[in-house]
Structures are given as structure tokens and as C-alpha cells.
Amino acid sequence: MKHQTAKQNVPHSALHIWVMTFICMGLILLAATTAARLPYYWATGDILRLAGTILFNLLALLGLADNVHTHILFWQNQQANQPEIAVQS
């Protein structure tokens with residue numbers, strides 16, 4: 001049996017995608033700086049800050065993964081919409 005993959009629609013423009021990329025990179029930078037405090041929170045037993053930092057880092061990574069997925073879908077959509085050029089020999 002052949003399975004058809006559903007064509008996923010990307011409702012964003014290239015500008016929206018790149019702006020979100022810069023926002024995600026800022027969040028990843030903040031997540032990296034907060035990750036440096038994890039050993040301190042662990043040593044002092046500050047479970048609430050430890051859990052909050054881990055949750056923030058996971059959300060930042062999920063946002064980055066979703067942004068990469070959106071870039072891939074947008075690129076595939078752009079490739080599919082380009083007309084093929086006939087080559088004459």
C-alpha cells in the first residue's frame with residue numbers, strides 16, 4: 001500500500017519565521033545562562049528554582065525544535081511551489 005503524506009500548510013511568511021528564529025535564539029541564550037546556575041541550585045537544595053530552570057530550558061529547546069521544523073516545512077513548501085524549468089537539448 002502506498003501512503004500519501006499530507007501536505008502541511010505553513011501559514012507564515014519568511015519574515016515571521018526569521019523573527020521567531022531570533023526570539024528562539026535569545027531564549028536558548030537565556031536557557032544556557034540559567035543552566036550555569038543548576039549546580040548551585042542543586043547544592044543549596046533550592047528545588048523550586050531547580051525545577052523552574054529545568055522547565056524553562058525544556059520549553060526553550062521545544063521552541064527551537066518547533067522553529068527548525070517550521071523552517072523545514074517552509075523550505076519544502078517553497079521547493080514544491082517553484083515551477084520546473086524545461087531543459088532543451
# chains A, B, ... in the order shown; residues from 1 in each chain; ligands from 1
call {"tool": "select_by_dssp", "arguments": {"residues": "segment 29-88 of chain A", "states": "helix (DSSP H, G or I)", "output": "NGL selection string"}}
result
:A and (29-35 or 38-44 or 47-81)
call {"tool": "atom_distance", "arguments": {"atom1": "atom CA of Phe22 of chain A", "atom2": "atom CA of Thr70 of chain A"}}
result
13.7 Å
call {"tool": "residues_around", "arguments": {"residues": "Ala51 of chain A", "least_positions_apart": "4", "cutoff": "10 Å", "atoms": "only C-alpha atoms", "output": "ChimeraX atom specification"}}
result
/A:38,41-42,46-47,55-57
call {"tool": "closest_residue", "arguments": {"among": "A:Ala43, A:Met20, A:Leu50, A:Ala35", "to": "Val68 of chain A", "atoms": "only C-alpha atoms"}}
result
A:Met20
call {"tool": "decode", "arguments": {"residues": "segment 9-56 of chain A", "atoms": "N, CA and C atoms", "output": "mmCIF file, in the first residue's frame"}}
result
data_model
loop_
_atom_site.group_PDB
_atom_site.id
_atom_site.type_symbol
_atom_site.label_atom_id
_atom_site.label_comp_id
_atom_site.auth_asym_id
_atom_site.auth_seq_id
_atom_site.Cartn_x
_atom_site.Cartn_y
_atom_site.Cartn_z
ATOM 1 N N ASN A 9 0.450 22.735 5.508
ATOM 2 C CA ASN A 9 0.423 24.129 5.119
ATOM 3 C C ASN A 9 1.190 24.959 6.136
ATOM 4 N N VAL A 10 2.038 25.841 5.657
ATOM 5 C CA VAL A 10 2.803 26.727 6.525
ATOM 6 C C VAL A 10 2.202 28.120 6.372
ATOM 7 N N PRO A 11 1.427 28.584 7.363
ATOM 8 C CA PRO A 11 0.733 29.850 7.208
ATOM 9 C C PRO A 11 1.580 31.079 7.539
ATOM 10 N N HIS A 12 2.872 30.929 7.574
ATOM 11 C CA HIS A 12 3.742 32.031 7.971
ATOM 12 C C HIS A 12 4.542 32.526 6.775
ATOM 13 N N SER A 13 4.913 33.769 6.842
ATOM 14 C CA SER A 13 5.807 34.305 5.819
ATOM 15 C C SER A 13 7.249 34.097 6.283
ATOM 16 N N ALA A 14 8.157 34.321 5.373
ATOM 17 C CA ALA A 14 9.577 34.146 5.713
ATOM 18 C C ALA A 14 9.993 35.119 6.815
ATOM 19 N N LEU A 15 9.440 36.317 6.808
ATOM 20 C CA LEU A 15 9.784 37.312 7.830
ATOM 21 C C LEU A 15 9.361 36.825 9.222
ATOM 22 N N HIS A 16 8.156 36.286 9.336
ATOM 23 C CA HIS A 16 7.687 35.778 10.623
ATOM 24 C C HIS A 16 8.573 34.647 11.128
ATOM 25 N N ILE A 17 8.970 33.779 10.220
ATOM 26 C CA ILE A 17 9.794 32.636 10.610
ATOM 27 C C ILE A 17 11.160 33.102 11.102
ATOM 28 N N TRP A 18 11.771 34.074 10.414
ATOM 29 C CA TRP A 18 13.089 34.540 10.829
ATOM 30 C C TRP A 18 13.028 35.354 12.111
ATOM 31 N N VAL A 19 11.960 36.112 12.317
ATOM 32 C CA VAL A 19 11.815 36.841 13.584
ATOM 33 C C VAL A 19 11.698 35.850 14.740
ATOM 34 N N MET A 20 10.921 34.796 14.527
ATOM 35 C CA MET A 20 10.786 33.774 15.572
ATOM 36 C C MET A 20 12.112 33.056 15.806
ATOM 37 N N THR A 21 12.915 32.906 14.775
ATOM 38 C CA THR A 21 14.237 32.297 14.937
ATOM 39 C C THR A 21 15.103 33.133 15.872
ATOM 40 N N PHE A 22 15.096 34.445 15.698
ATOM 41 C CA PHE A 22 15.891 35.308 16.571
ATOM 42 C C PHE A 22 15.358 35.278 18.012
ATOM 43 N N ILE A 23 14.034 35.197 18.167
ATOM 44 C CA ILE A 23 13.463 35.093 19.509
ATOM 45 C C ILE A 23 13.880 33.769 20.155
ATOM 46 N N CYS A 24 13.815 32.675 19.390
ATOM 47 C CA CYS A 24 14.219 31.362 19.923
ATOM 48 C C CYS A 24 15.699 31.347 20.291
ATOM 49 N N MET A 25 16.522 31.982 19.488
ATOM 50 C CA MET A 25 17.952 32.003 19.806
ATOM 51 C C MET A 25 18.204 32.812 21.082
ATOM 52 N N GLY A 26 17.445 33.883 21.288
ATOM 53 C CA GLY A 26 17.556 34.636 22.544
ATOM 54 C C GLY A 26 17.144 33.795 23.735
ATOM 55 N N LEU A 27 16.064 33.022 23.572
ATOM 56 C CA LEU A 27 15.632 32.142 24.659
ATOM 57 C C LEU A 27 16.655 31.048 24.938
ATOM 58 N N ILE A 28 17.273 30.519 23.896
ATOM 59 C CA ILE A 28 18.316 29.499 24.085
ATOM 60 C C ILE A 28 19.518 30.108 24.803
ATOM 61 N N LEU A 29 19.856 31.346 24.476
ATOM 62 C CA LEU A 29 20.962 32.011 25.172
ATOM 63 C C LEU A 29 20.636 32.195 26.658
ATOM 64 N N LEU A 30 19.404 32.614 26.942
ATOM 65 C CA LEU A 30 18.987 32.734 28.345
ATOM 66 C C LEU A 30 18.962 31.376 29.037
ATOM 67 N N ALA A 31 18.520 30.345 28.327
ATOM 68 C CA ALA A 31 18.489 28.997 28.912
ATOM 69 C C ALA A 31 19.900 28.512 29.224
ATOM 70 N N ALA A 32 20.843 28.842 28.362
ATOM 71 C CA ALA A 32 22.232 28.426 28.616
ATOM 72 C C ALA A 32 22.800 29.140 29.833
ATOM 73 N N THR A 33 22.460 30.415 29.995
ATOM 74 C CA THR A 33 22.972 31.131 31.167
ATOM 75 C C THR A 33 22.310 30.643 32.452
ATOM 76 N N THR A 34 21.025 30.293 32.381
ATOM 77 C CA THR A 34 20.378 29.764 33.586
ATOM 78 C C THR A 34 20.865 28.358 33.907
ATOM 79 N N ALA A 35 21.264 27.610 32.890
ATOM 80 C CA ALA A 35 21.777 26.259 33.130
ATOM 81 C C ALA A 35 23.079 26.295 33.918
ATOM 82 N N ALA A 36 23.802 27.403 33.815
ATOM 83 C CA ALA A 36 25.046 27.525 34.581
ATOM 84 C C ALA A 36 24.769 27.586 36.088
ATOM 85 N N ARG A 37 23.557 27.953 36.471
ATOM 86 C CA ARG A 37 23.206 28.043 37.886
ATOM 87 C C ARG A 37 22.665 26.732 38.459
ATOM 88 N N LEU A 38 22.460 25.730 37.613
ATOM 89 C CA LEU A 38 21.892 24.473 38.091
ATOM 90 C C LEU A 38 22.699 23.821 39.212
ATOM 91 N N PRO A 39 24.023 23.735 39.134
ATOM 92 C CA PRO A 39 24.764 23.126 40.251
ATOM 93 C C PRO A 39 24.587 23.877 41.576
ATOM 94 N N TYR A 40 24.488 25.196 41.501
ATOM 95 C CA TYR A 40 24.282 25.990 42.721
ATOM 96 C C TYR A 40 22.920 25.676 43.335
ATOM 97 N N TYR A 41 21.884 25.626 42.497
ATOM 98 C CA TYR A 41 20.546 25.311 42.999
ATOM 99 C C TYR A 41 20.503 23.899 43.574
ATOM 100 N N TRP A 42 21.206 22.987 42.954
ATOM 101 C CA TRP A 42 21.246 21.602 43.437
ATOM 102 C C TRP A 42 21.959 21.524 44.791
ATOM 103 N N ALA A 43 23.080 22.258 44.915
ATOM 104 C CA ALA A 43 23.865 22.215 46.153
ATOM 105 C C ALA A 43 23.122 22.848 47.316
ATOM 106 N N THR A 44 22.366 23.908 47.051
ATOM 107 C CA THR A 44 21.651 24.583 48.136
ATOM 108 C C THR A 44 20.290 23.957 48.420
ATOM 109 N N GLY A 45 19.879 23.014 47.601
ATOM 110 C CA GLY A 45 18.605 22.347 47.828
ATOM 111 C C GLY A 45 17.400 23.192 47.443
ATOM 112 N N ASP A 46 17.596 24.175 46.570
ATOM 113 C CA ASP A 46 16.504 25.046 46.123
ATOM 114 C C ASP A 46 15.748 24.338 44.991
ATOM 115 N N ILE A 47 14.852 23.453 45.385
ATOM 116 C CA ILE A 47 14.149 22.591 44.430
ATOM 117 C C ILE A 47 13.244 23.399 43.505
ATOM 118 N N LEU A 48 12.627 24.443 44.020
ATOM 119 C CA LEU A 48 11.706 25.237 43.200
ATOM 120 C C LEU A 48 12.453 25.924 42.049
ATOM 121 N N ARG A 49 13.582 26.542 42.347
ATOM 122 C CA ARG A 49 14.362 27.191 41.278
ATOM 123 C C ARG A 49 14.961 26.146 40.334
ATOM 124 N N LEU A 50 15.367 25.032 40.872
ATOM 125 C CA LEU A 50 15.912 23.956 40.044
ATOM 126 C C LEU A 50 14.855 23.466 39.056
ATOM 127 N N ALA A 51 13.640 23.212 39.545
ATOM 128 C CA ALA A 51 12.566 22.742 38.671
ATOM 129 C C ALA A 51 12.174 23.810 37.653
ATOM 130 N N GLY A 52 12.114 25.057 38.080
ATOM 131 C CA GLY A 52 11.776 26.145 37.161
ATOM 132 C C GLY A 52 12.804 26.323 36.063
ATOM 133 N N THR A 53 14.065 26.207 36.426
ATOM 134 C CA THR A 53 15.135 26.338 35.432
ATOM 135 C C THR A 53 15.094 25.193 34.438
ATOM 136 N N ILE A 54 14.895 23.986 34.924
ATOM 137 C CA ILE A 54 14.818 22.832 34.024
ATOM 138 C C ILE A 54 13.609 22.955 33.106
ATOM 139 N N LEU A 55 12.480 23.391 33.639
ATOM 140 C CA LEU A 55 11.284 23.572 32.815
ATOM 141 C C LEU A 55 11.510 24.647 31.751
ATOM 142 N N PHE A 56 12.123 25.768 32.123
ATOM 143 C CA PHE A 56 12.412 26.835 31.168
ATOM 144 C C PHE A 56 13.349 26.338 30.065
#
